[in-house]
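S.K.: So that you have it, the file is start34.cif, and it contains mmCIF, C-alpha atoms and all ligand atoms:
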```cif
data_coords
#
loop_
_atom_site.group_PDB
_atom_site.id
_atom_site.type_symbol
_atom_site.label_atom_id
_atom_site.label_comp_id
_atom_site.auth_asym_id
_atom_site.auth_seq_id
_atom_site.Cartn_x
_atom_site.Cartn_y
_atom_site.Cartn_z
ATOM 1 C CA MET A 1000 -13.406 12.589 52.347
ATOM 2 C CA LYS A 1001 -12.808 10.091 49.536
ATOM 3 C CA ARG A 1002 -10.597 11.249 46.662
ATOM 4 C CA GLN A 1003 -12.549 11.709 43.425
ATOM 5 C CA ARG A 1004 -11.224 9.373 40.771
ATOM 6 C CA THR A 1005 -11.384 9.889 37.036
ATOM 7 C CA ILE A 1006 -12.603 6.795 35.235
ATOM 8 C CA VAL A 1007 -13.225 5.822 31.607
ATOM 9 C CA VAL A 1008 -15.645 2.989 30.770
ATOM 10 C CA THR A 1009 -16.100 1.752 27.201
ATOM 11 C CA GLY A 1010 -19.316 0.199 25.862
ATOM 12 C CA ALA A 1011 -21.383 1.909 28.559
ATOM 13 C CA ASP A 1012 -24.787 2.140 26.855
ATOM 14 C CA ARG A 1013 -26.220 -0.827 28.728
ATOM 15 C CA GLY A 1014 -25.347 -3.899 30.812
ATOM 16 C CA LEU A 1015 -22.231 -3.932 32.937
ATOM 17 C CA GLY A 1016 -20.675 -0.822 31.372
ATOM 18 C CA TYR A 1017 -23.725 1.264 32.225
ATOM 19 C CA GLU A 1018 -23.823 -0.106 35.782
ATOM 20 C CA LEU A 1019 -20.166 0.723 36.362
ATOM 21 C CA VAL A 1020 -20.739 4.306 35.211
ATOM 22 C CA LYS A 1021 -23.833 4.578 37.410
ATOM 23 C CA GLN A 1022 -22.199 3.211 40.555
ATOM 24 C CA TYR A 1023 -19.014 5.259 40.170
ATOM 25 C CA ALA A 1024 -21.065 8.435 39.573
ATOM 26 C CA GLU A 1025 -23.268 7.607 42.569
ATOM 27 C CA ARG A 1026 -20.271 7.407 44.848
ATOM 28 C CA GLY A 1027 -18.871 10.715 43.626
ATOM 29 C CA ASP A 1028 -16.221 9.769 41.070
ATOM 30 C CA TYR A 1029 -16.021 11.382 37.612
ATOM 31 C CA VAL A 1030 -16.731 9.058 34.688
ATOM 32 C CA PHE A 1031 -16.270 9.340 30.937
ATOM 33 C CA ALA A 1032 -18.877 6.946 29.558
ATOM 34 C CA GLY A 1033 -18.216 5.481 26.113
ATOM 35 C CA LYS A 1034 -21.381 5.587 24.021
ATOM 36 C CA PHE A 1035 -21.611 3.340 20.992
ATOM 37 C CA ARG A 1036 -25.139 3.573 19.669
ATOM 38 C CA THR A 1037 -27.835 6.124 19.979
ATOM 39 C CA ARG A 1038 -30.696 3.680 20.336
ATOM 40 C CA TRP A 1039 -30.144 3.345 24.100
ATOM 41 C CA ASN A 1040 -30.790 6.463 26.190
ATOM 42 C CA LEU A 1041 -29.935 5.214 29.693
ATOM 43 C CA LEU A 1042 -26.719 7.219 29.723
ATOM 44 C CA ASP A 1043 -28.556 10.434 28.866
ATOM 45 C CA GLU A 1044 -30.915 9.865 31.780
ATOM 46 C CA LEU A 1045 -27.956 9.240 34.080
ATOM 47 C CA LYS A 1046 -26.195 12.363 32.850
ATOM 48 C CA ALA A 1047 -29.307 14.383 33.721
ATOM 49 C CA GLN A 1048 -29.048 12.981 37.249
ATOM 50 C CA TYR A 1049 -25.288 13.521 37.645
ATOM 51 C CA PRO A 1050 -24.402 16.416 35.319
ATOM 52 C CA ASP A 1051 -21.167 17.196 37.212
ATOM 53 C CA ARG A 1052 -19.950 13.623 37.587
ATOM 54 C CA MET A 1053 -19.978 12.250 34.088
ATOM 55 C CA GLN A 1054 -19.506 12.974 30.441
ATOM 56 C CA ILE A 1055 -20.784 10.889 27.541
ATOM 57 C CA VAL A 1056 -18.214 10.329 24.794
ATOM 58 C CA ASP A 1057 -18.963 8.722 21.435
ATOM 59 C CA MET A 1058 -16.577 5.815 20.958
ATOM 60 C CA ASP A 1059 -16.525 2.808 18.631
ATOM 61 C CA VAL A 1060 -13.664 0.708 19.996
ATOM 62 C CA GLY A 1061 -13.516 -1.192 16.715
ATOM 63 C CA ASN A 1062 -12.499 1.914 14.817
ATOM 64 C CA THR A 1063 -9.109 3.575 15.345
ATOM 65 C CA GLU A 1064 -10.265 7.029 14.225
ATOM 66 C CA SER A 1065 -13.255 6.915 16.529
ATOM 67 C CA VAL A 1066 -11.052 5.919 19.477
ATOM 68 C CA ARG A 1067 -8.580 8.712 18.706
ATOM 69 C CA SER A 1068 -11.373 11.295 18.509
ATOM 70 C CA ALA A 1069 -12.867 10.043 21.762
ATOM 71 C CA ALA A 1070 -9.451 10.179 23.443
ATOM 72 C CA ALA A 1071 -8.973 13.757 22.222
ATOM 73 C CA VAL A 1072 -12.321 14.746 23.773
ATOM 74 C CA ILE A 1073 -11.393 13.106 27.080
ATOM 75 C CA LEU A 1074 -7.883 14.583 27.121
ATOM 76 C CA GLU A 1075 -9.292 18.069 26.536
ATOM 77 C CA HIS A 1076 -10.901 17.738 29.949
ATOM 78 C CA THR A 1077 -8.241 15.900 31.919
ATOM 79 C CA ASP A 1078 -4.645 14.756 31.591
ATOM 80 C CA LYS A 1079 -5.081 12.088 34.284
ATOM 81 C CA ILE A 1080 -7.204 8.935 34.163
ATOM 82 C CA ASP A 1081 -7.096 6.829 37.314
ATOM 83 C CA ILE A 1082 -8.911 3.807 35.936
ATOM 84 C CA LEU A 1083 -9.566 2.783 32.352
ATOM 85 C CA ILE A 1084 -12.142 -0.007 32.027
ATOM 86 C CA ASN A 1085 -12.199 -1.814 28.676
ATOM 87 C CA ASN A 1086 -15.689 -3.273 28.774
ATOM 88 C CA ALA A 1087 -17.066 -2.982 25.206
ATOM 89 C CA THR A 1088 -17.781 -6.270 23.543
ATOM 90 C CA VAL A 1089 -19.636 -8.137 20.848
ATOM 91 C CA TRP A 1090 -20.657 -11.776 20.951
ATOM 92 C CA LEU A 1091 -21.501 -12.796 17.419
ATOM 93 C CA SER A 1092 -20.745 -16.495 17.442
ATOM 94 C CA ALA A 1093 -23.801 -17.996 19.134
ATOM 95 C CA ASP A 1094 -25.121 -21.013 17.265
ATOM 96 C CA CYS A 1095 -22.027 -21.333 15.073
ATOM 97 C CA GLY A 1096 -21.591 -25.069 15.627
ATOM 98 C CA THR A 1097 -18.284 -26.881 16.020
ATOM 99 C CA VAL A 1098 -15.293 -27.454 13.784
ATOM 100 C CA LEU A 1099 -17.062 -30.628 12.580
ATOM 101 C CA GLU A 1100 -19.750 -28.577 10.857
ATOM 102 C CA ASP A 1101 -19.576 -25.866 8.235
ATOM 103 C CA LYS A 1102 -21.179 -22.980 10.103
ATOM 104 C CA PHE A 1103 -18.259 -20.800 11.202
ATOM 105 C CA ASP A 1104 -18.571 -17.220 9.983
ATOM 106 C CA TYR A 1105 -15.056 -15.809 9.680
ATOM 107 C CA GLU A 1106 -16.245 -12.238 9.056
ATOM 108 C CA ARG A 1107 -18.074 -12.317 12.375
ATOM 109 C CA MET A 1108 -15.061 -13.813 14.109
ATOM 110 C CA MET A 1109 -12.889 -11.027 12.735
ATOM 111 C CA ALA A 1110 -15.357 -8.491 14.106
ATOM 112 C CA GLU A 1111 -15.206 -10.179 17.522
ATOM 113 C CA PHE A 1112 -11.422 -10.101 17.436
ATOM 114 C CA ASN A 1113 -11.372 -6.492 16.251
ATOM 115 C CA ILE A 1114 -13.766 -5.214 18.904
ATOM 116 C CA ASN A 1115 -13.026 -7.457 21.898
ATOM 117 C CA ALA A 1116 -9.247 -7.824 21.651
ATOM 118 C CA LEU A 1117 -7.915 -5.024 19.461
ATOM 119 C CA GLY A 1118 -10.540 -2.652 20.858
ATOM 120 C CA ALA A 1119 -9.054 -2.886 24.343
ATOM 121 C CA LEU A 1120 -5.567 -2.349 22.956
ATOM 122 C CA ARG A 1121 -6.647 0.664 20.855
ATOM 123 C CA VAL A 1122 -8.287 2.404 23.778
ATOM 124 C CA THR A 1123 -5.441 1.578 26.151
ATOM 125 C CA GLN A 1124 -2.864 2.924 23.730
ATOM 126 C CA ALA A 1125 -4.849 6.115 23.144
ATOM 127 C CA LEU A 1126 -5.150 6.837 26.880
ATOM 128 C CA ILE A 1127 -2.155 5.147 28.512
ATOM 129 C CA HIS A 1128 -0.115 8.302 29.100
ATOM 130 C CA ALA A 1129 -2.994 9.887 30.994
ATOM 131 C CA VAL A 1130 -3.423 6.662 32.980
ATOM 132 C CA LEU A 1131 0.258 6.682 33.918
ATOM 133 C CA LYS A 1132 0.031 10.309 35.136
ATOM 134 C CA SER A 1133 -2.774 9.454 37.557
ATOM 135 C CA PHE A 1134 -2.797 8.226 41.156
ATOM 136 C CA ASP A 1135 -4.212 4.727 40.510
ATOM 137 C CA ARG A 1136 -2.599 4.044 37.101
ATOM 138 C CA LEU A 1137 -4.866 1.066 36.488
ATOM 139 C CA VAL A 1138 -6.186 -0.557 33.295
ATOM 140 C CA VAL A 1139 -9.009 -3.065 33.781
ATOM 141 C CA ASN A 1140 -10.061 -5.406 30.990
ATOM 142 C CA VAL A 1141 -13.455 -7.032 31.241
ATOM 143 C CA SER A 1142 -12.451 -10.455 30.042
ATOM 144 C CA SER A 1143 -14.278 -13.753 30.528
ATOM 145 C CA GLU A 1144 -13.857 -17.320 31.647
ATOM 146 C CA ALA A 1145 -14.367 -17.927 27.912
ATOM 147 C CA GLY A 1146 -10.830 -16.596 27.402
ATOM 148 C CA SER A 1147 -9.218 -19.077 29.793
ATOM 149 C CA ILE A 1148 -7.156 -21.658 27.902
ATOM 150 C CA THR A 1149 -6.545 -23.994 30.838
ATOM 151 C CA GLY A 1150 -10.223 -23.802 31.859
ATOM 152 C CA CYS A 1151 -11.652 -24.211 28.350
ATOM 153 C CA TYR A 1152 -14.645 -26.557 28.175
ATOM 154 C CA LYS A 1153 -16.406 -25.204 25.083
ATOM 155 C CA ASP A 1154 -16.316 -26.882 21.683
ATOM 156 C CA SER A 1155 -17.892 -23.908 19.942
ATOM 157 C CA GLN A 1156 -17.834 -20.085 19.741
ATOM 158 C CA PRO A 1157 -14.162 -19.863 18.748
ATOM 159 C CA GLY A 1158 -14.441 -16.207 17.722
ATOM 160 C CA TYR A 1159 -15.591 -14.936 21.116
ATOM 161 C CA CYS A 1160 -13.359 -17.283 23.144
ATOM 162 C CA MET A 1161 -10.261 -16.586 21.070
ATOM 163 C CA SER A 1162 -10.922 -12.848 21.222
ATOM 164 C CA LYS A 1163 -11.038 -12.977 25.036
ATOM 165 C CA ALA A 1164 -7.872 -15.119 25.192
ATOM 166 C CA ALA A 1165 -6.228 -12.514 22.950
ATOM 167 C CA MET A 1166 -7.507 -9.783 25.255
ATOM 168 C CA ASN A 1167 -5.774 -11.560 28.146
ATOM 169 C CA MET A 1168 -2.511 -11.710 26.195
ATOM 170 C CA GLN A 1169 -2.931 -8.044 25.299
ATOM 171 C CA ALA A 1170 -3.141 -7.336 29.039
ATOM 172 C CA CYS A 1171 0.180 -9.142 29.677
ATOM 173 C CA ILE A 1172 1.910 -7.198 26.916
ATOM 174 C CA VAL A 1173 0.573 -3.886 28.185
ATOM 175 C CA LEU A 1174 1.567 -4.728 31.781
ATOM 176 C CA ASN A 1175 5.116 -5.633 30.732
ATOM 177 C CA ALA A 1176 5.439 -2.174 29.167
ATOM 178 C CA VAL A 1177 3.908 -0.147 31.987
ATOM 179 C CA LYS A 1178 4.830 -1.891 35.232
ATOM 180 C CA ARG A 1179 8.202 -0.160 35.516
ATOM 181 C CA LEU A 1180 6.271 3.122 35.298
ATOM 182 C CA GLY A 1181 3.957 2.107 38.133
ATOM 183 C CA GLY A 1182 1.121 0.977 35.868
ATOM 184 C CA ALA A 1183 -1.110 -1.971 36.782
ATOM 185 C CA VAL A 1184 -3.427 -4.156 34.708
ATOM 186 C CA LEU A 1185 -6.262 -6.375 35.888
ATOM 187 C CA ASN A 1186 -8.453 -8.809 33.942
ATOM 188 C CA VAL A 1187 -11.872 -9.458 35.390
ATOM 189 C CA HIS A 1188 -14.620 -12.000 34.703
ATOM 190 C CA PRO A 1189 -18.175 -10.815 35.394
ATOM 191 C CA GLY A 1190 -19.815 -14.206 35.921
ATOM 192 C CA TRP A 1191 -22.927 -15.059 33.974
ATOM 193 C CA MET A 1192 -24.786 -11.820 34.074
ATOM 194 C CA GLN A 1193 -28.383 -11.240 33.207
ATOM 195 C CA SER A 1194 -27.512 -8.786 30.458
ATOM 196 C CA VAL A 1195 -28.391 -8.882 26.778
ATOM 197 C CA ILE A 1196 -25.443 -11.107 25.834
ATOM 198 C CA GLY A 1197 -25.493 -12.931 29.171
ATOM 199 C CA ALA A 1198 -29.057 -14.104 28.651
ATOM 200 C CA SER A 1199 -28.243 -15.640 25.286
ATOM 201 C CA ALA A 1200 -25.057 -17.232 26.617
ATOM 202 C CA ALA A 1201 -26.891 -18.752 29.572
ATOM 203 C CA ALA A 1202 -29.592 -20.186 27.325
ATOM 204 C CA ASP A 1203 -26.848 -21.691 25.193
ATOM 205 C CA ALA A 1204 -25.038 -23.078 28.231
ATOM 206 C CA GLU A 1205 -28.117 -24.818 29.574
ATOM 207 C CA MET A 1206 -27.361 -27.424 26.926
ATOM 208 C CA MET A 1207 -23.838 -28.102 28.211
ATOM 209 C CA ASP A 1208 -22.538 -30.207 31.024
ATOM 210 C CA LEU A 1209 -20.583 -27.481 32.790
ATOM 211 C CA PRO A 1210 -18.186 -27.585 35.712
ATOM 212 C CA GLU A 1211 -20.031 -26.409 38.862
ATOM 213 C CA ASN A 1212 -17.684 -23.474 39.502
ATOM 214 C CA ILE A 1213 -18.639 -21.982 36.144
ATOM 215 C CA LYS A 1214 -22.356 -22.006 36.907
ATOM 216 C CA PHE A 1215 -23.249 -18.827 38.676
ATOM 217 C CA TYR A 1216 -25.657 -16.129 37.814
ATOM 218 C CA THR A 1217 -25.461 -12.494 38.655
ATOM 219 C CA THR A 1218 -26.811 -9.148 37.553
ATOM 220 C CA PRO A 1219 -24.824 -6.263 36.053
ATOM 221 C CA ALA A 1220 -25.496 -4.310 39.285
ATOM 222 C CA GLN A 1221 -24.062 -7.092 41.505
ATOM 223 C CA THR A 1222 -21.070 -7.609 39.247
ATOM 224 C CA ALA A 1223 -20.343 -3.873 39.023
ATOM 225 C CA ALA A 1224 -20.415 -3.615 42.830
ATOM 226 C CA GLY A 1225 -18.021 -6.584 43.082
ATOM 227 C CA PHE A 1226 -15.660 -5.104 40.508
ATOM 228 C CA ILE A 1227 -15.627 -1.710 42.202
ATOM 229 C CA GLU A 1228 -14.569 -3.368 45.460
ATOM 230 C CA ILE A 1229 -11.825 -5.318 43.663
ATOM 231 C CA ILE A 1230 -10.654 -2.259 41.720
ATOM 232 C CA ASP A 1231 -10.354 -0.325 44.986
ATOM 233 C CA GLN A 1232 -7.573 -2.726 46.036
ATOM 234 C CA PRO A 1233 -5.979 -4.055 42.853
ATOM 235 C CA GLU A 1234 -2.678 -4.755 44.625
ATOM 236 C CA ARG A 1235 -4.360 -7.787 46.230
ATOM 237 C CA PHE A 1236 -4.269 -9.462 42.830
ATOM 238 C CA SER A 1237 -1.113 -8.106 41.258
ATOM 239 C CA SER A 1238 2.007 -10.083 40.427
ATOM 240 C CA ASP A 1239 4.275 -10.192 37.400
ATOM 241 C CA LYS A 1240 1.149 -11.137 35.366
ATOM 242 C CA PRO A 1241 -2.117 -9.207 35.316
ATOM 243 C CA GLY A 1242 -4.482 -10.473 38.010
ATOM 244 C CA PHE A 1243 -7.436 -12.465 36.619
ATOM 245 C CA VAL A 1244 -10.395 -12.572 39.002
ATOM 246 C CA ASN A 1245 -14.148 -12.978 38.934
ATOM 247 C CA TYR A 1246 -16.523 -10.423 40.442
ATOM 248 C CA LYS A 1247 -16.390 -12.227 43.794
ATOM 249 C CA GLY A 1248 -12.620 -11.924 43.960
ATOM 250 C CA ASP A 1249 -11.919 -15.607 43.172
ATOM 251 C CA VAL A 1250 -8.730 -15.994 41.162
ATOM 252 C CA MET A 1251 -9.316 -17.343 37.636
ATOM 253 C CA LYS A 1252 -6.982 -19.546 35.610
ATOM 254 C CA TYR A 1253 -5.461 -18.199 32.374
HETATM 255 N N1 LIG B 1301 -22.953 -11.164 30.339
HETATM 256 C C1 LIG B 1301 -22.186 -12.174 30.675
HETATM 257 O O1 LIG B 1301 -22.660 -13.206 31.169
HETATM 258 C C2 LIG B 1301 -20.693 -12.067 30.481
HETATM 259 C C3 LIG B 1301 -19.900 -13.168 30.813
HETATM 260 C C4 LIG B 1301 -18.518 -13.050 30.647
HETATM 261 C C5 LIG B 1301 -17.973 -11.863 30.212
HETATM 262 N N2 LIG B 1301 -18.777 -10.798 29.899
HETATM 263 C C6 LIG B 1301 -18.130 -9.556 29.476
HETATM 264 O O2 LIG B 1301 -18.652 -8.472 30.253
HETATM 265 C C7 LIG B 1301 -18.616 -7.267 29.480
HETATM 266 C C8 LIG B 1301 -19.979 -6.609 29.514
HETATM 267 O O3 LIG B 1301 -20.919 -7.507 28.956
HETATM 268 P P1 LIG B 1301 -22.483 -7.261 28.999
HETATM 269 O O4 LIG B 1301 -23.099 -8.558 29.359
HETATM 270 O O5 LIG B 1301 -22.786 -6.039 29.776
HETATM 271 O O6 LIG B 1301 -22.737 -7.038 27.430
HETATM 272 P P2 LIG B 1301 -23.715 -6.094 26.640
HETATM 273 O O7 LIG B 1301 -24.971 -5.850 27.410
HETATM 274 O O8 LIG B 1301 -23.822 -6.658 25.275
HETATM 275 O O9 LIG B 1301 -22.877 -4.743 26.607
HETATM 276 C C9 LIG B 1301 -21.790 -4.564 25.767
HETATM 277 C C10 LIG B 1301 -21.746 -3.121 25.369
HETATM 278 O O10 LIG B 1301 -20.653 -2.918 24.436
HETATM 279 C C11 LIG B 1301 -21.163 -2.161 23.354
HETATM 280 N N3 LIG B 1301 -20.406 -2.298 22.126
HETATM 281 C C12 LIG B 1301 -20.542 -3.224 21.143
HETATM 282 N N4 LIG B 1301 -19.690 -2.970 20.136
HETATM 283 C C13 LIG B 1301 -19.009 -1.855 20.481
HETATM 284 C C14 LIG B 1301 -18.015 -1.089 19.861
HETATM 285 N N5 LIG B 1301 -17.544 -1.410 18.657
HETATM 286 N N6 LIG B 1301 -17.550 0.011 20.497
HETATM 287 C C15 LIG B 1301 -18.020 0.364 21.714
HETATM 288 N N7 LIG B 1301 -18.985 -0.314 22.357
HETATM 289 C C16 LIG B 1301 -19.468 -1.417 21.745
HETATM 290 C C17 LIG B 1301 -22.569 -2.661 23.194
HETATM 291 O O11 LIG B 1301 -23.305 -1.775 22.373
HETATM 292 P P3 LIG B 1301 -24.645 -2.299 21.616
HETATM 293 O O12 LIG B 1301 -25.721 -2.161 22.616
HETATM 294 O O13 LIG B 1301 -24.834 -1.395 20.495
HETATM 295 O O14 LIG B 1301 -24.385 -3.699 21.175
HETATM 296 C C18 LIG B 1301 -23.032 -2.698 24.633
HETATM 297 O O15 LIG B 1301 -23.450 -1.442 25.083
HETATM 298 C C19 LIG B 1301 -18.151 -7.682 28.083
HETATM 299 O O16 LIG B 1301 -16.771 -7.436 27.939
HETATM 300 C C20 LIG B 1301 -18.437 -9.183 28.040
HETATM 301 O O17 LIG B 1301 -17.600 -9.863 27.137
HETATM 302 C C21 LIG B 1301 -20.124 -10.871 30.031
#
```
What does the file become when written as structure tokens?
Ligand SMILES: NC(=O)c1ccc[n+]([C@@H]2O[C@H](COP(=O)([O-])OP(=O)(O)OC[C@H]3O[C@@H](n4cnc5c(N)ncnc54)[C@H](OP(=O)(O)O)[C@@H]3O)[C@@H](O)[C@H]2O)c1
M.R.:
Amino acid sequence: MKRQRTIVVTGADRGLGYELVKQYAERGDYVFAGKFRTRWNLLDELKAQYPDRMQIVDMDVGNTESVRSAAAVILEHTDKIDILINNATVWLSADCGTVLEDKFDYERMMAEFNINALGALRVTQALIHAVLKSFDRLVVNVSSEAGSITGCYKDSQPGYCMSKAAMNMQACIVLNAVKRLGGAVLNVHPGWMQSVIGASAAADAEMMDLPENIKFYTTPAQTAAGFIEIIDQPERFSSDKPGFVNYKGDVMKY
């Protein structure tokens, strides 16, 4: 029989986060699902289906107090977290033009940085000791090709792209601190998913002349299944730097 893992997923109300919670619960793992807003009720429906395999936890990753309260709720139930998945995100910089125009909104960029980059760090710090007590000891950051510096082709959306590049750096810093304790960190890129933010990004990208290897479309369900397979064998991608792979297991460039 497969060992039941304990998993935390942030930003799980919809999209990829929701799919990860669903697929892990379906296969018998126990998931703490980070809920951000009350306007989506998919998680409540899932909880009704799997009452013994998941718990919904209110968590705003952009707010330190909220993350600490959420961590306290989780740690009341378990002192071991096998896999922490930092998935929560905002993408607020669509249609912000280039540096040649005057359309950048620095408040929005700060929100992207706060939620996408610092959010992952906040949650990791709040839960890292429980991760390190577990069997898998794995932190997964849902990053993006948008955070790749060597693969950068965009001339716009600096807030989102810089926040994902910062998330990748955050992953390196965390790995350097935890690897001697057996901890592992993986950065993953979902592909272009047909989610709420994915649909807007794809519409935006239609306008660009993109490298072929960037152009692929997937659904949150397909990506979640790919990630779960990858997360089952993270050692395939580990080295002295966090692995960076897409949902198909192709290695990405930092
Ligand atoms: N979709 C793509 O094509 C694509 C491509 C590359 C990378 N990614 C990455 O994949 C991950 C999942 O994306 P997705 O397409 O599933 O996006 P999504 O549908 O927008 O889901 C993101 C989730 O994060 C939540 N969230 C926003 N702010 C939060 C906060 N402060 N605290 C906690 N949760 C918060 C959102 O809540 P609300 O519903 O309230 O906004 C939403 O439930 C993200 O990390 C994204 O950057 C996606």
S.K.: I'd like to see the residues matched by the PyMOL selection byres (((chain A and resi 1025) around 12) and not hetatm) on this file, and ideally I'd get them as a VMD selection string.
M.R.: chain A and resid 1003 1018 to 1024 1026 to 1030 1045 to 1046 1048 to 1053 1224
S.K.: Nearest to ligand LIG 1301 (chain B) among A:Leu1174, A:Val1195, A:Leu1185, A:Val1072, with distances taken over all atoms listed in the file: which residue is it?
M.R.: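 Once distances to ligand LIG 1301 (chain B) are computed over all atoms listed in the file, the minimum belongs to A:Val1195.
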S.K.: Please write as a ChimeraX atom specification the list of polymer residues whose atoms come within 6 Å of (-10.7, 1.5, 27.6), counting only C-alpha atoms and keeping to the coordinates of the file.
M.R.: /A:1009,1083-1085,1119,1122-1123
S.K.: Name each residue within 6 Å of ligand LIG 1301 (chain B), counting only C-alpha atoms and all ligand atoms, as number ranges by chain.
M.R.: A: 1009-1016, 1035-1036, 1058-1061, 1086-1089, 1114, 1141-1143, 1188-1192, 1194-1197
S.K.: Selection in question (the file shown): the PyMOL selection byres (((chain A and resi 1217) around 8) and not hetatm). Which residues does it include, as number ranges by chain?
M.R.: A: 1190-1193, 1215-1216, 1218-1219, 1221-1222
S.K.: Work out how far CA of Gly1158 (chain A) is from CA of Met1109 (chain A), in Å to one decimal.
M.R.: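 Spanning CA of Met1109 (chain A) to CA of Gly1158 (chain A) is a straight-line distance of 7.4 Å.
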S.K.: How many Å separate CA of Asn1115 (chain A) from CA of Tyr1246 (chain A)?
M.R.: 19.1 Å
S.K.: If you measure from CA of Ser1065 (chain A) to CA of Cys1095 (chain A), what distance in Å do you get, rounded to one decimal?
M.R.: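 Separation of CA of Ser1065 (chain A) and CA of Cys1095 (chain A): 29.6 Å.
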S.K.: Ile1082 (chain A): which residues within 6 Å, counting all atoms listed in the file, same-chain residues fewer than 2 positions away excluded, as number ranges by chain?
M.R.: A: 1006, 1080, 1137-1138
S.K.: Of the candidates A:Met1108, A:Leu1120, A:Ala1125, A:Ala1183, which shows the shortest atom-to-atom distance to Ser1162 (chain A), using all atoms listed in the file?
M.R.: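 Once distances to Ser1162 (chain A) are computed over all atoms listed in the file, the minimum belongs to A:Met1108.
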S.K.: For His1076 (chain A), please output as a list in words all residues within 12 Å (counting only C-alpha atoms; exclusion window: fewer than 2 positions along the same chain).
M.R.: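 Residues near the query, excluding close chain neighbours: Thr1005, Tyr1029, Val1030, Phe1031, Met1053, Gln1054, Val1056, Ala1069, Ala1070, Ala1071, Val1072, Ile1073, Leu1074, Asp1078, Lys1079, Ile1080 and Ala1129 of chain A.
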S.K.: Given the choices A:Gly1182, A:Asp1104, A:Glu1234, A:Phe1112, which gets closest to Ala1165 (chain A) if the distance is worked out from only C-alpha atoms?
M.R.: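 Ranking A:Gly1182, A:Asp1104, A:Glu1234, A:Phe1112 by distance to Ala1165 (chain A), first place goes to A:Phe1112.
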S.K.: Find, counting only C-alpha atoms, the residue in A:Val1066, A:Ala1176, A:Val1008, A:Ala1093 that gets nearest to Lys1240 (chain A).
M.R.: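 Checking each candidate against Lys1240 (chain A), we get A:Ala1176 as the closest.
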S.K.: Looking at A:Val1173, A:Ile1227, A:Glu1144, A:Asp1154, which one is nearest to Phe1243 (chain A), with distances taken over all atoms listed in the file?
M.R.: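 When distances to Phe1243 (chain A) are compared using all atoms listed in the file, the smallest one comes from A:Glu1144.
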S.K.: Fewer than 5 positions away in the same chain doesn't count, so skip those; otherwise give me all residues within 9 Å of Gly1150 (chain A), counting only C-alpha atoms, as a PyMOL selection string.
M.R.: chain A and resi 1144-1145+1251-1253
S.K.: Could you tell me which of A:Ala1116, A:Val1007, A:Val1177, A:Val1139 comes closest to Thr1077 (chain A) if we count only C-alpha atoms?
M.R.: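 Comparing A:Ala1116, A:Val1007, A:Val1177, A:Val1139 against Thr1077 (chain A), the winner is A:Val1007.
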S.K.: Give me, as a list in words, all polymer residues having an atom no more than 7 Å from Pro1241 (chain A), counting all atoms listed in the file and skipping those fewer than 2 positions away in the same chain.
M.R.: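 Counting all atoms listed in the file, the residues come to Ala1170, Cys1171, Leu1174, Val1184, Leu1185, Asn1186, Ser1237, Ser1238, Asp1239 and Phe1243 of chain A.
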